Protein chains: 2
Amino acid sequence: MQVYTAPLRDMRFVLHELFADDQFANLPAFEEFTPDLFDAVLEEAAKMAQDILLPLNASGDAEGCRLENGVVRTPAGFKAAYDSFRDGGWAALASDPSWGGQGLPESLNKLVEEMICSANLSFSLYPGLTHGATTAIEGHASEDLKRAYLPKMVSGEWSGTMCLTESHCGTDLGLLRTKAVPQADGSYKVSGAKIFISSGDHDLTNNVVHLVLARLPDAPAGVRGISLFLVPKYLPNDAGEPASANGVSVAGLEHKMGLKASATCQMVFEDSTGWIVGEPGKGLAAMFTMMNTERVSVGIQGLGINEIAYQSAVAYAKDRLQGRALSGPARPDLPADPIIVHPDVRRSLMTMRAYAEGCRMLGQWAARALDAEKHAADPEVKQRAADFVALVTPVVKALFTDLAFEAANHGVQVHGGHGYIRETGVEQFVRDARICQIYEGTNGVQALDLVGRKMPAHMGRQMRPFFHAVSNLCESMAGVPDKALAGMTAGLQQAFGALQLSTATIAQKGMKDAEEAGAAATDYLRLMGLVGMGYCFLKAAKIATDRLAEGSEDAGFYRAKLATAGFFFDRLLPQATAAFLAIKTGKRSTMALELDAF
Amino acid sequence: MQVYTAPLRDMRFVLHELFADDQFANLPAFEEFTPDLFDAVLEEAAKMAQDILLPLNASGDAEGCRLENGVVRTPAGFKAAYDSFRDGGWAALASDPSWGGQGLPESLNKLVEEMICSANLSFSLYPGLTHGATTAIEGHASEDLKRAYLPKMVSGEWSGTMCLTESHCGTDLGLLRTKAVPQADGSYKVSGAKIFISSGDHDLTNNVVHLVLARLPDAPAGVRGISLFLVPKYLPNDAGEPASANGVSVAGLEHKMGLKASATCQMVFEDSTGWIVGEPGKGLAAMFTMMNTERVSVGIQGLGINEIAYQSAVAYAKDRLQGRALSGPARPDLPADPIIVHPDVRRSLMTMRAYAEGCRMLGQWAARALDAEKHAADPEVKQRAADFVALVTPVVKALFTDLAFEAANHGVQVHGGHGYIRETGVEQFVRDARICQIYEGTNGVQALDLVGRKMPAHMGRQMRPFFHAVSNLCESMAGVPDKALAGMTAGLQQAFGALQLSTATIAQKGMKDAEEAGAAATDYLRLMGLVGMGYCFLKAAKIATDRLAEGSEDAGFYRAKLATAGFFFDRLLPQATAAFLAIKTGKRSTMALELDAF
């Protein structure tokens with residue numbers, strides 16, 4: 001069974017308690033919002049996710065999308081759910097009030113996104129891509145385009161897409177062939193074929209706004225020849241309503257491993273009218289505004305899957321009777337004990353739980369930086385936040401989705417043979433989660449972005465907010481009398497030491513030989529992610545210890561936080577050592593095999 | 001694309017070279033077989049796998065099995081492929097000549113199994129279960145039953161199943177409810193419902209022989225009340241041909257994540273006539289004869305998937321053009337370089353390759369022990385082999401299948417977005433491989449078997465052949481002048497030290513508190529598996545180094561073996577340290593969270 005109740009208590013913890021001391025809080029843009037308002041939003045979002053989206057998750061997977069007479073049909077119930085979602089104002093939560101958004105912080109919005117992704121990952125892509133597209137339009141389009149498109153996209157009346165990939169080029173966009181020919185009226189005629197286009201067509205909105213990467217006729221080869229175009233499915237009339245078809249058609253739907261209720265389309269543009277977004281030849285930069293937003297969101301998708309996989313596995317492990325506890329029968333009244341008594345089952349559940357909590361905390365840290373980057377008044381604070389966002393974006397994307405896939409698989413394993421049966425509903429999490437490690441730049445590409453771009457940028461400046469935070473926390477915990485906290489501090493210090501050494505090694509070797517950085521990239525990203533989660537868990541454990549000492553009425557929550565943190569440091573953080581040892585060996589053995597010997 | 005050519009050179013290496021010094025070779029039962037014969041068998045098997053089974057792998061997944069009027073239909077082509085397989089004598093390869101088998105060694109047979117599993121995992125289950133069932137019948141059934149059933153099963157004319165699981169009990173078979181009522185003629189009437197029955201019904205053979213666990217009317221509760229029964233779908237007439245229906249029906253087909261061309265059935269037995277196999281109340285022991293055979297075979301299934309996933313990923317990585325090598329264009333004649341130039345892609349490919357080679361070597365070590373256990377003349381050798389088989393069975397089952405799942409996922413990742421598309425064919429490996437971690441005892445159950453049964457049995461006697469082999473190899477390599485071999489030896493010694501310490505810790509703590517062993521089990525199994533593969537890689541590297549020094553004509557193969565071994569020690573063996581650190585912390589943090597807090 002797919003079991004999900006939004007983890008509101010933990011969400012309030014990361015939102016209100018974990019970073020209460022940070023310099024990103026109290027931004028003027030949010031000063032009229034109260035913590036109570038945030039909590040109310042979370043509660044309403046929980047209802048929406050649990051009551052409207054979750055019931056369509058398994059049925060959407062079983063039914064999938066269909067292409068009928070050139071139009072994509074989403075599974076039964078999706079249209080009604082989308083209407084309810086849009087009418088509830090959920091599409092506009094964190095968007096700019098100038099375009100009809102509610103201007104709520106990303107630190108809140110990412111928690112709502114998590115709930116949506118837990119309840120129905122396929123559904124999340126329809127509004128998710130739209131949100132990304134509005135970001136790119138806001139940042140780079142002309143005022144005319146903004147006025148014509150943003151209000152309808154922000155409200156959720158129209159949806160958006162990101163059209164990058166062509167059959168022969170994904171990561172290497174420099175190879176793309178779609179063309180854009182300028183017209184006398186300032187518009188362009190866009191022609192080409194794109195694949196893997198999420199929400200490329202569907203029946204949830206009456207228009208779809210495509211952001212299309214294409215080349216101008218005189219464009220140079222490679223990425224510098226790429227521009228970005230806004231191409232609507234229907235051209236609006238003078239009243240701004242969708243009126244005439246624009247040569248945009250769906251050549252087919254992709255048949256995928258999972259995410260089946262999300263329409264992944266092969267799109268064809270034939271002399272479709274479009275307008276340039278940003279400068280000619282700067283398409284990739286404009287698209288990366290959207291891509292970076294999406295990358296953090298894909299990380300949150302991973303977190304969402306991790307959480308529902310965890311809750312579903314816990315429900316099963318408490319219910320399924322099989323064997324007896326090694327310490328003696330726990331439930332002698334029953335024919336067997338629930339399998340949650342078995343240490344190896346607990347290991348799986350605690351791993352899932354620790355990953356979910358760790359990612360939620362690290363995700364909140366990133367989301368607060370997104371807010372500060374956008375809204376901080378002090379330019380230094382703004383820059384520091386931007387640096388942190390730049391650094392942590394590939395980590396959030398790759399780490400969260402890798403761990404989500406691990407967690408979804410732990411969930412199947414807890415279910416035994418029943419986990420492999422489709423009707424049980426948990427193998428769907430594995431199939432759905434799998435794409436998150438691939439799209440918006442594979443996790444290998446994220447790791448290369450981290451070591452190849454973020455690490456060397458501005459002499460390592462983007463690393464500093466992260467390194468300083470970890471180092472300050474370790475210092476502040478020096479000599480802490482509590483034995484558990486002291487142990488965690490020692491664990492974090494050791495992993496942080498490994499991260500610092502690895503950083504120095506990669507920076508030094510990588511300067512001479514970029515392949516050295518490339519061969520270390522994935523292990524390095526994991527190491528940084530573990531340190532980031534370790535930082536959050538230590539911070540959380542300190543707060544929990546303090547609250548318990550104060551005699552908090554919510555002692556159960558804080559004891560659980562300490563237990564999960566303890567598990568993370570004991571059983572999961574040791575991966576940092578393996579990553580460090582692997583990084584140390586350098587590229588030699590990775591590159592040694594002769595090409596013909598593969 | 002699903003790409004597969006049987007890795008014959010590496011198979012010959014593990015069969016003829018790697019263990020040339022072992023005491024299991026030259027068994028009298030095999031003395032008329034020559035290495036040339038073995039090579040000829042491998043070559044013929046390769047053709048069968050590549051030409052007959054592989055072309056049905058993707059189509060079988062797409063089509064699946066159907067239940068039509070109570071009869072299961074396998075996908076198009078399966079019947080003809082099975083006929084060809086049976087007529088080629090492949091079903092009888094390692095079976096006892098007394099029943100029509102060819103009596104070839106398991107050390108050869110497991111390599112053939114690997115090919116079948118690479119080419120078509122679903123197909124492999126039809127003959128695979130039959131082979132397991134014949135083992136149980138040979139070991140425990142009456143002579144009458146053997147004469148009536150074994151010849152037809154060994155030849156592949158009839159197939160076999162293993163009917164254990166019921167909807168409320170899988171691992172905990174003590175809970176099972178299927179009943180067997182003794183009849184005046186010495187037979188039994190068997191009634192009950194079973195689920196997850198692989199090959200429970202199909203159209204490949206004209207009879208199916210079920211081995212069913214059930215309870216006698218007066219049986220005590222728990223596992224001591226379980227007996228094993230042979231229940232054919234059709235009762236044979238006096239001529240031994242299937243004649244009358246026996247109350248065995250298919251209630252439904254399971255809808256699974258993968259393995260779709262394998263018919264996984266819900267079976268109902270209604271007063272079906274059966275005969276007891278072995279003693280009343282000893283059903284589990286008889287079934288475990290089959291189960292242990294199957295567990296090693298499931299490990300080989302993992303290896304098979306690992307290999308085809310590797311080859312398919314290599315083919316794509318050599319073909320797909322995307323980006324340029326970090327060291328400068330490798331193919332300036334092309335618009336981009338093949339992605340195999342990228343270190344992070346190589347890391348994935350080398351990981352898959354090292355896992356496949358490591359498992360193939362370790363699997364061969366286990367297979368030779370299976371042969372020696374059965375055929376050695378010296379009772380001491382026989383016992384040592386039996387001890388090694390007992391120890392290594394859960395490791396082969398769990399390690400190989402966990403690594404196969406990792407490898408299949410690396411394969412998808414190398415393909416990027418195309419890997420997520422069903423038509424590409426590589427996400428099938430992920431879905432197919434996933435069940436191997438679950439069936440025949442989940443990998444968690446394997447780990448508990450290792451630490452809970454195998455480790456303490458006879459004061460640790462079953463561990464000795466493994467520990468002695470590793471320790472002897474390390475000693476024999478002491479002071480080796482070759483720098484690469486010396487490095488590998490040091491790596492193996494360190495991991496082996498961690499294994500020895502972990503063993504002592506678990507044995508000591510586990511005696512007082514079984515949950516301590518349970519909490520360490522999975523990490524311990526991985527650690528032992530890594531040491532086992534490390535042992536094999538060091539042994540292989542030594543042989544390769546010697547052959548290269550001798551000026552072997554096959555230098556390319558040995559250089560590749562050294563490169564893969566180097567990668568294993570540099571990049572994969574460090575996981576041993578993480579496992580060791582996790583084990584050291586004990587059960588506390590795994591068991592700390594209060595039940596209500598989950």
# chains A, B, ... in the order shown; residues from 1 in each chain; ligands from 1
>>> closest_atom_pairs(of="chain A", to="chain B", cutoff="7 Å", atoms="only C-alpha atoms", output="tab-separated table")
residue	atom	partner	partner_atom	distance
A:Cys169	CA	B:Gln322	CA	6.8
A:Thr171	CA	B:Gln322	CA	6.9
A:Asp172	CA	B:Gln322	CA	5.3
A:Glu254	CA	B:Ile421	CA	6.7
A:His255	CA	B:Arg422	CA	5.7
A:Lys256	CA	B:Ile421	CA	4.6
A:Met257	CA	B:Tyr420	CA	5.6
A:Val314	CA	B:Phe598	CA	6.7
A:Gln322	CA	B:Asp172	CA	5.3
A:Gly323	CA	B:Asp172	CA	5.3
A:Leu326	CA	B:Ala514	CA	5.8
A:Ser327	CA	B:Glu515	CA	6.7
A:Pro343	CA	B:Ala519	CA	4.9
A:Asp344	CA	B:Ala519	CA	5.6
A:Arg346	CA	B:Thr590	CA	6.3
A:Arg347	CA	B:Thr590	CA	5.8
A:Met350	CA	B:Thr590	CA	6.9
A:Gln413	CA	B:Ile438	CA	6.7
A:Gly416	CA	B:Ile438	CA	5.9
A:Gly417	CA	B:Ile438	CA	6.2
A:Tyr420	CA	B:Met257	CA	5.6
A:Ile421	CA	B:Lys256	CA	4.5
A:Arg422	CA	B:Lys256	CA	5.3
A:Glu427	CA	B:Met257	CA	6.5
A:Ile435	CA	B:Tyr420	CA	6.7
A:Ile438	CA	B:Gly416	CA	5.8
A:Tyr439	CA	B:Gly417	CA	6.6
A:Thr442	CA	B:Gly416	CA	6.6
A:Gly444	CA	B:Asp344	CA	6.3
A:Ala514	CA	B:Leu326	CA	5.8
A:Glu515	CA	B:Leu326	CA	5.9
A:Gly518	CA	B:Pro343	CA	5.5
A:Ala519	CA	B:Pro343	CA	4.9
A:Ala560	CA	B:Leu593	CA	6.0
A:Ala563	CA	B:Leu593	CA	5.5
A:Gly566	CA	B:Ser589	CA	5.8
A:Phe567	CA	B:Ser589	CA	4.8
A:Asp570	CA	B:Thr585	CA	5.9
A:Arg571	CA	B:Ala582	CA	4.7
A:Pro574	CA	B:Ala578	CA	4.8
A:Gln575	CA	B:Ala578	CA	5.2
A:Thr577	CA	B:Ala578	CA	6.3
A:Ala578	CA	B:Pro574	CA	4.8
A:Leu581	CA	B:Pro574	CA	6.1
A:Ala582	CA	B:Arg571	CA	4.7
A:Thr585	CA	B:Asp570	CA	5.9
A:Ser589	CA	B:Phe567	CA	4.8
A:Thr590	CA	B:Arg347	CA	5.8
A:Met591	CA	B:Pro343	CA	6.8
A:Ala592	CA	B:Ala563	CA	5.9
A:Leu593	CA	B:Ala563	CA	5.5
A:Ala597	CA	B:Ala560	CA	6.3
A:Phe598	CA	B:Val314	CA	6.7
>>> residues_around(residues="Leu164 (chain A)", least_positions_apart="2", cutoff="7 Å", atoms="only C-alpha atoms", output="PyMOL selection string")
chain A and resi 162+166+194+212-213
>>> residues_around(residues="region 15-31 of chain B", least_positions_apart="2", cutoff="7 Å", atoms="only C-alpha atoms", output="VMD selection string")
chain B and resid 11 to 13 33 368 to 369 372 375 to 376 540
>>> residues_around(residues="Cys474 (chain A)", least_positions_apart="4", cutoff="7 Å", atoms="only C-alpha atoms", output="MDAnalysis selection string")
chainID A and resid 470 478 489 493
>>> write_last_selection(atoms="N, CA, C and O atoms", output="short mmCIF file (atom, residue, chain, number, x, y, z; two decimals), in the first residue's frame")
data_model
loop_
_atom_site.label_atom_id
_atom_site.label_comp_id
_atom_site.auth_asym_id
_atom_site.auth_seq_id
_atom_site.Cartn_x
_atom_site.Cartn_y
_atom_site.Cartn_z
N VAL A 470 30.22 24.48 8.51
CA VAL A 470 30.57 23.20 9.14
C VAL A 470 31.67 23.42 10.17
O VAL A 470 31.60 22.92 11.31
N ALA A 478 32.99 22.08 20.43
CA ALA A 478 34.21 21.55 21.06
C ALA A 478 33.99 21.45 22.57
O ALA A 478 33.50 22.39 23.20
N THR A 489 29.97 14.98 17.04
CA THR A 489 30.90 16.04 16.65
C THR A 489 32.20 15.43 16.12
O THR A 489 32.71 15.86 15.08
N GLN A 493 33.64 15.89 12.40
CA GLN A 493 34.98 16.44 12.19
C GLN A 493 35.82 15.53 11.30
O GLN A 493 36.53 16.01 10.42
#
>>> closest_residue(among="B:Gly128, B:Gly532, B:Gly100, B:Gly283", to="Arg147 (chain B)", atoms="only C-alpha atoms")
B:Gly100
>>> closest_residue(among="A:Leu499, A:Met115, A:Leu204, A:Val277", to="Leu145 (chain A)", atoms="only C-alpha atoms")
A:Val277
>>> residues_around(residues="Gly252 (chain A)", least_positions_apart="4", cutoff="8 Å", atoms="only C-alpha atoms", output="PyMOL selection string")
chain A and resi 67+265-267
>>> select_by_dssp(residues="region 165-307 of chain A", states="helix (DSSP H, G or I)", output="PyMOL selection string")
chain A and resi 173-175+223-225+283-307
>>> residues_around(residues="Tyr355 (chain A)", least_positions_apart="5", cutoff="8 Å", atoms="only C-alpha atoms", output="NGL selection string")
:A and (306 or 403-404 or 407)
